[in-house]
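Peer 1: I'd like to ask you about the structure that follows.
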Amino acid sequence: MLFVRVCKEVPRIRIPVVAKLCLIISAATPVVSAWVAPIKAPTWKAPGSVCIGRGSRPLQMAENNWMDVLKFQGSTPSFDVIQKTQEYTSHPGYRSFRLKDIPTDYYSTDYVFRGPVIGPVNRKDLVETNTLFGFGTAFPDLDRQPFGFAVDPENPFRALYFERWKATHKGELLIPNTPLKSAATGKTVQTPVFPFSVVWNPEGQIIY
C-alpha cells in the first residue's frame, strides 16, 4: 500500500500533478484521508427534505436524497447485478488495477468515479491518472481479490463487495514529473480488507 504525504514531501510539484497524485492514491487505498485535509460537508438541501445539525455538517433526511437518482425511479434491473459485477471484477484489467485494459463497453458515458476524498471524475481522467503510476511495472502480480458480493437492499442496481489487495514490489515505482521513485524491494504486501461498490444503469453499464 502506498502512502505519500504530498503537501510536505513534494512542495514544488505543480498543482495538476499533485491533484492527479491524490486521485490515484485515493483510488488505490481508503486510508489516504489521513494525509488530506477534511472536506467541508455540503450544505445543499434537496427539495422537500429537512437538514438538521450544527455548523457545516448538517444531517439530511433519507427522503429525496441526491443519490436517489441512481435508483432509477424505483425500477428493477432486467439482469443479474451480482453476476455482472462478478464478471466485471474478474476482468484481468480490473484484477491488476490496469484500468486502461478494461473494455469501455462496461461503462456508461455518464460514468463518474468518487473516492474517499477525490472526485467526481470521469472515466477518461481516471484512466489517465491510473496509468501515471505504472503499477503494471512496479507490481506486475497485483491482484485485487474481490469477494463477498451482495445487492444493496436500498438499491437493486448497486452491488456491494470487499477487496483485499496482494502484490509484490518487483519493479521501480515512478511518479512522472516528480522526484518520487522507489526501487524494487521484492517485498510482498497485503492490504486490509476494504469495501467497494458498483452501480449499474438499466442498460447494464456502470454509472457510478
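Following the order of the C-alpha cells, chains are lettered A, B, ..., residues in each are numbered from 1, and ligands are numbered from 1.
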Can you tell me, as a PDB file with C-alpha atoms, in the first residue's frame, what residues are no more than 10 Å from segment 138-143 of chain A when counting only C-alpha atoms, ignoring any on the same chain fewer than 6 positions away?
Peer 2:
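Dumped everything to result-v3.pdb:
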ATOM      1  CA  PRO A  92      -7.698  -9.052 -15.858  1.00  0.00           C
ATOM      2  CA  GLY A  93      -7.560  -5.266 -16.199  1.00  0.00           C
ATOM      3  CA  TYR A  94      -9.661  -4.877 -13.082  1.00  0.00           C
ATOM      4  CA  ARG A  95      -7.834  -7.503 -11.037  1.00  0.00           C
ATOM      5  CA  SER A  96      -4.426  -5.991 -11.865  1.00  0.00           C
ATOM      6  CA  PHE A  97      -5.613  -2.367 -11.434  1.00  0.00           C
ATOM      7  CA  ARG A  98      -4.709  -1.537 -15.036  1.00  0.00           C
ATOM      8  CA  GLU A 163     -11.404  -6.428  -1.679  1.00  0.00           C
ATOM      9  CA  ARG A 164      -8.029  -7.451  -0.267  1.00  0.00           C
ATOM     10  CA  TRP A 165      -5.120  -6.396  -2.470  1.00  0.00           C
ATOM     11  CA  LYS A 166      -1.961  -8.508  -2.729  1.00  0.00           C
ATOM     12  CA  ALA A 167       1.160  -7.614  -4.717  1.00  0.00           C
ATOM     13  CA  THR A 168       4.943  -7.982  -4.901  1.00  0.00           C
ATOM     14  CA  HIS A 169       7.127  -4.919  -5.473  1.00  0.00           C
ATOM     15  CA  LYS A 170       9.168  -6.272  -8.381  1.00  0.00           C
ATOM     16  CA  GLY A 171       9.851  -3.116 -10.421  1.00  0.00           C
ATOM     17  CA  GLU A 172      10.716   0.538  -9.934  1.00  0.00           C
ATOM     18  CA  LEU A 173       7.777   2.734  -8.983  1.00  0.00           C
ATOM     19  CA  LEU A 174       7.968   6.114 -10.689  1.00  0.00           C
ATOM     20  CA  SER A 182      11.087   3.669  -5.273  1.00  0.00           C
ATOM     21  CA  ALA A 183      13.377   0.868  -6.390  1.00  0.00           C
ATOM     22  CA  ALA A 184      12.038  -2.674  -6.352  1.00  0.00           C
ATOM     23  CA  THR A 185      12.193  -4.238  -2.903  1.00  0.00           C
ATOM     24  CA  GLY A 186      10.906  -7.732  -3.663  1.00  0.00           C
ATOM     25  CA  THR A 188       5.021  -8.829  -0.837  1.00  0.00           C
ATOM     26  CA  VAL A 189       2.270  -6.671   0.600  1.00  0.00           C
ATOM     27  CA  GLN A 190      -1.310  -7.399   1.596  1.00  0.00           C
TER      28      GLN A 190
END
Peer 1: Got a sec to tell me which of segment 68-158 of chain A DSSP assigns to strand (DSSP E or B), as a PyMOL selection string?
Peer 2: chain A and resi 107+113+121+143+146-151+158
Peer 1: Limited to N, CA and C atoms, could you put the picked residues into a file as an mmCIF file, in the first residue's frame?
Peer 2:
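Everything below was put into again26.cif:
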data_model
loop_
_atom_site.group_PDB
_atom_site.id
_atom_site.type_symbol
_atom_site.label_atom_id
_atom_site.label_comp_id
_atom_site.auth_asym_id
_atom_site.auth_seq_id
_atom_site.Cartn_x
_atom_site.Cartn_y
_atom_site.Cartn_z
ATOM 1 N N TYR A 107 -18.766 0.669 -19.258
ATOM 2 C CA TYR A 107 -19.093 1.937 -18.615
ATOM 3 C C TYR A 107 -20.101 2.763 -19.401
ATOM 4 N N PHE A 113 -16.496 8.504 -11.171
ATOM 5 C CA PHE A 113 -15.802 7.883 -10.048
ATOM 6 C C PHE A 113 -15.747 8.879 -8.892
ATOM 7 N N VAL A 121 -14.924 12.352 -10.862
ATOM 8 C CA VAL A 121 -14.020 12.430 -12.001
ATOM 9 C C VAL A 121 -14.513 11.441 -13.049
ATOM 10 N N ASP A 143 -3.097 -8.201 -7.430
ATOM 11 C CA ASP A 143 -4.396 -8.868 -7.539
ATOM 12 C C ASP A 143 -5.337 -8.264 -6.505
ATOM 13 N N PRO A 146 -11.504 -9.530 -5.213
ATOM 14 C CA PRO A 146 -12.833 -9.177 -4.718
ATOM 15 C C PRO A 146 -13.579 -10.396 -4.176
ATOM 16 N N PHE A 147 -14.438 -10.172 -3.181
ATOM 17 C CA PHE A 147 -15.229 -11.272 -2.617
ATOM 18 C C PHE A 147 -16.411 -10.700 -1.837
ATOM 19 N N GLY A 148 -17.326 -11.583 -1.431
ATOM 20 C CA GLY A 148 -18.447 -11.180 -0.577
ATOM 21 C C GLY A 148 -19.474 -10.310 -1.276
ATOM 22 N N PHE A 149 -19.898 -10.670 -2.471
ATOM 23 C CA PHE A 149 -20.814 -9.850 -3.254
ATOM 24 C C PHE A 149 -22.244 -9.894 -2.699
ATOM 25 N N ALA A 150 -22.902 -8.748 -2.701
ATOM 26 C CA ALA A 150 -24.295 -8.658 -2.257
ATOM 27 C C ALA A 150 -24.955 -7.476 -2.954
ATOM 28 N N VAL A 151 -26.270 -7.524 -3.057
ATOM 29 C CA VAL A 151 -27.032 -6.411 -3.624
ATOM 30 C C VAL A 151 -27.480 -5.495 -2.499
ATOM 31 N N ARG A 158 -27.272 -1.600 -7.283
ATOM 32 C CA ARG A 158 -25.956 -1.436 -6.660
ATOM 33 C C ARG A 158 -25.457 -2.745 -6.059
#
Peer 1: Quick one, how far is atom CA of Glu154 of chain A from atom CA of Lys71 of chain A?
Peer 2: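 We find that atom CA of Glu154 of chain A and atom CA of Lys71 of chain A lie 8.5 Å from each other.
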Peer 1: Step one, run DSSP on the backbone; step two, keep only residues of segment 59-160 of chain A assigned to alpha helix (DSSP H); then write them as a list in words.
Peer 2: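 Filtering segment 59-160 of chain A down to alpha helix (DSSP H) leaves Val81, Ile82, Gln83, Lys84, Thr85, Gln86, Glu87, Tyr88, Thr89, Pro92, Gly93, Tyr94, Arg95, Arg123, Lys124, Asp125, Leu126, Val127, Glu128, Thr129, Asn130, Thr131, Leu132, Phe135, Gly136, Thr137 and Ala138 of chain A.
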Peer 1: Output N, CA, C and O atoms for every residue in that selection, as a CSV table (one decimal), in the first residue's frame.
Peer 2:
chain,number,residue,atom,x,y,z
A,81,VAL,N,-27.5,-8.5,-11.2
A,81,VAL,CA,-26.5,-7.5,-10.8
A,81,VAL,C,-25.2,-8.1,-10.2
A,81,VAL,O,-24.1,-7.7,-10.6
A,82,ILE,N,-25.4,-9.1,-9.4
A,82,ILE,CA,-24.2,-9.8,-8.9
A,82,ILE,C,-23.4,-10.5,-9.9
A,82,ILE,O,-22.2,-10.4,-10.0
A,83,GLN,N,-24.1,-11.2,-10.8
A,83,GLN,CA,-23.4,-11.9,-11.9
A,83,GLN,C,-22.6,-10.9,-12.8
A,83,GLN,O,-21.4,-11.2,-13.1
A,84,LYS,N,-23.2,-9.8,-13.1
A,84,LYS,CA,-22.5,-8.8,-14.0
A,84,LYS,C,-21.3,-8.2,-13.2
A,84,LYS,O,-20.2,-7.9,-13.8
A,85,THR,N,-21.5,-8.0,-11.9
A,85,THR,CA,-20.4,-7.4,-11.1
A,85,THR,C,-19.2,-8.4,-11.0
A,85,THR,O,-18.1,-8.0,-11.0
A,86,GLN,N,-19.5,-9.6,-10.8
A,86,GLN,CA,-18.5,-10.7,-10.7
A,86,GLN,C,-17.8,-10.8,-12.0
A,86,GLN,O,-16.5,-11.0,-12.0
A,87,GLU,N,-18.5,-10.7,-13.1
A,87,GLU,CA,-17.8,-10.7,-14.4
A,87,GLU,C,-16.9,-9.5,-14.6
A,87,GLU,O,-15.8,-9.7,-15.1
A,88,TYR,N,-17.4,-8.4,-14.2
A,88,TYR,CA,-16.6,-7.1,-14.3
A,88,TYR,C,-15.3,-7.2,-13.5
A,88,TYR,O,-14.2,-6.9,-13.9
A,89,THR,N,-15.5,-7.6,-12.2
A,89,THR,CA,-14.3,-7.6,-11.3
A,89,THR,C,-13.4,-8.8,-11.5
A,89,THR,O,-12.3,-8.9,-10.9
A,92,PRO,N,-9.1,-9.2,-16.2
A,92,PRO,CA,-7.7,-9.1,-15.9
A,92,PRO,C,-7.3,-7.6,-15.6
A,92,PRO,O,-6.5,-7.3,-14.7
A,93,GLY,N,-7.9,-6.7,-16.4
A,93,GLY,CA,-7.6,-5.3,-16.2
A,93,GLY,C,-8.0,-4.7,-14.9
A,93,GLY,O,-7.4,-3.9,-14.2
A,94,TYR,N,-9.2,-5.3,-14.4
A,94,TYR,CA,-9.7,-4.9,-13.1
A,94,TYR,C,-8.8,-5.5,-12.0
A,94,TYR,O,-8.4,-4.8,-11.0
A,95,ARG,N,-8.6,-6.8,-12.1
A,95,ARG,CA,-7.8,-7.5,-11.0
A,95,ARG,C,-6.4,-7.0,-10.8
A,95,ARG,O,-5.9,-6.9,-9.7
A,123,ARG,N,-14.3,8.9,-16.5
A,123,ARG,CA,-13.5,7.7,-16.9
A,123,ARG,C,-12.2,8.0,-17.5
A,123,ARG,O,-11.2,7.5,-17.2
A,124,LYS,N,-12.2,9.0,-18.5
A,124,LYS,CA,-11.0,9.3,-19.2
A,124,LYS,C,-9.9,9.8,-18.2
A,124,LYS,O,-8.8,9.4,-18.3
A,125,ASP,N,-10.3,10.7,-17.3
A,125,ASP,CA,-9.3,11.3,-16.4
A,125,ASP,C,-8.8,10.2,-15.4
A,125,ASP,O,-7.7,10.3,-15.0
A,126,LEU,N,-9.7,9.4,-15.0
A,126,LEU,CA,-9.4,8.3,-14.1
A,126,LEU,C,-8.3,7.4,-14.7
A,126,LEU,O,-7.3,7.0,-14.0
A,127,VAL,N,-8.5,6.9,-15.9
A,127,VAL,CA,-7.6,6.1,-16.6
A,127,VAL,C,-6.2,6.7,-16.8
A,127,VAL,O,-5.2,6.1,-16.5
A,128,GLU,N,-6.3,8.0,-17.2
A,128,GLU,CA,-5.0,8.7,-17.4
A,128,GLU,C,-4.2,8.8,-16.1
A,128,GLU,O,-3.0,8.6,-16.1
A,129,THR,N,-4.9,9.1,-15.0
A,129,THR,CA,-4.2,9.2,-13.7
A,129,THR,C,-3.7,7.8,-13.2
A,129,THR,O,-2.6,7.7,-12.7
A,130,ASN,N,-4.5,6.8,-13.4
A,130,ASN,CA,-4.1,5.4,-13.0
A,130,ASN,C,-2.8,5.0,-13.8
A,130,ASN,O,-1.9,4.4,-13.2
A,131,THR,N,-2.7,5.4,-15.0
A,131,THR,CA,-1.6,5.0,-15.9
A,131,THR,C,-0.3,5.7,-15.5
A,131,THR,O,0.8,5.1,-15.7
A,132,LEU,N,-0.4,6.9,-14.8
A,132,LEU,CA,0.8,7.6,-14.5
A,132,LEU,C,1.7,6.8,-13.6
A,132,LEU,O,2.9,6.9,-13.7
A,135,PHE,N,1.7,0.9,-12.3
A,135,PHE,CA,1.6,-0.2,-11.4
A,135,PHE,C,1.9,-1.6,-12.1
A,135,PHE,O,2.4,-2.5,-11.4
A,136,GLY,N,1.7,-1.7,-13.4
A,136,GLY,CA,2.0,-2.9,-14.1
A,136,GLY,C,3.4,-3.3,-14.1
A,136,GLY,O,3.8,-4.5,-14.1
A,137,THR,N,4.3,-2.3,-14.0
A,137,THR,CA,5.8,-2.5,-13.9
A,137,THR,C,6.2,-2.7,-12.5
A,137,THR,O,7.0,-3.6,-12.2
A,138,ALA,N,5.7,-1.9,-11.6
A,138,ALA,CA,6.1,-1.9,-10.2
A,138,ALA,C,5.5,-3.1,-9.5
A,138,ALA,O,6.2,-3.8,-8.7
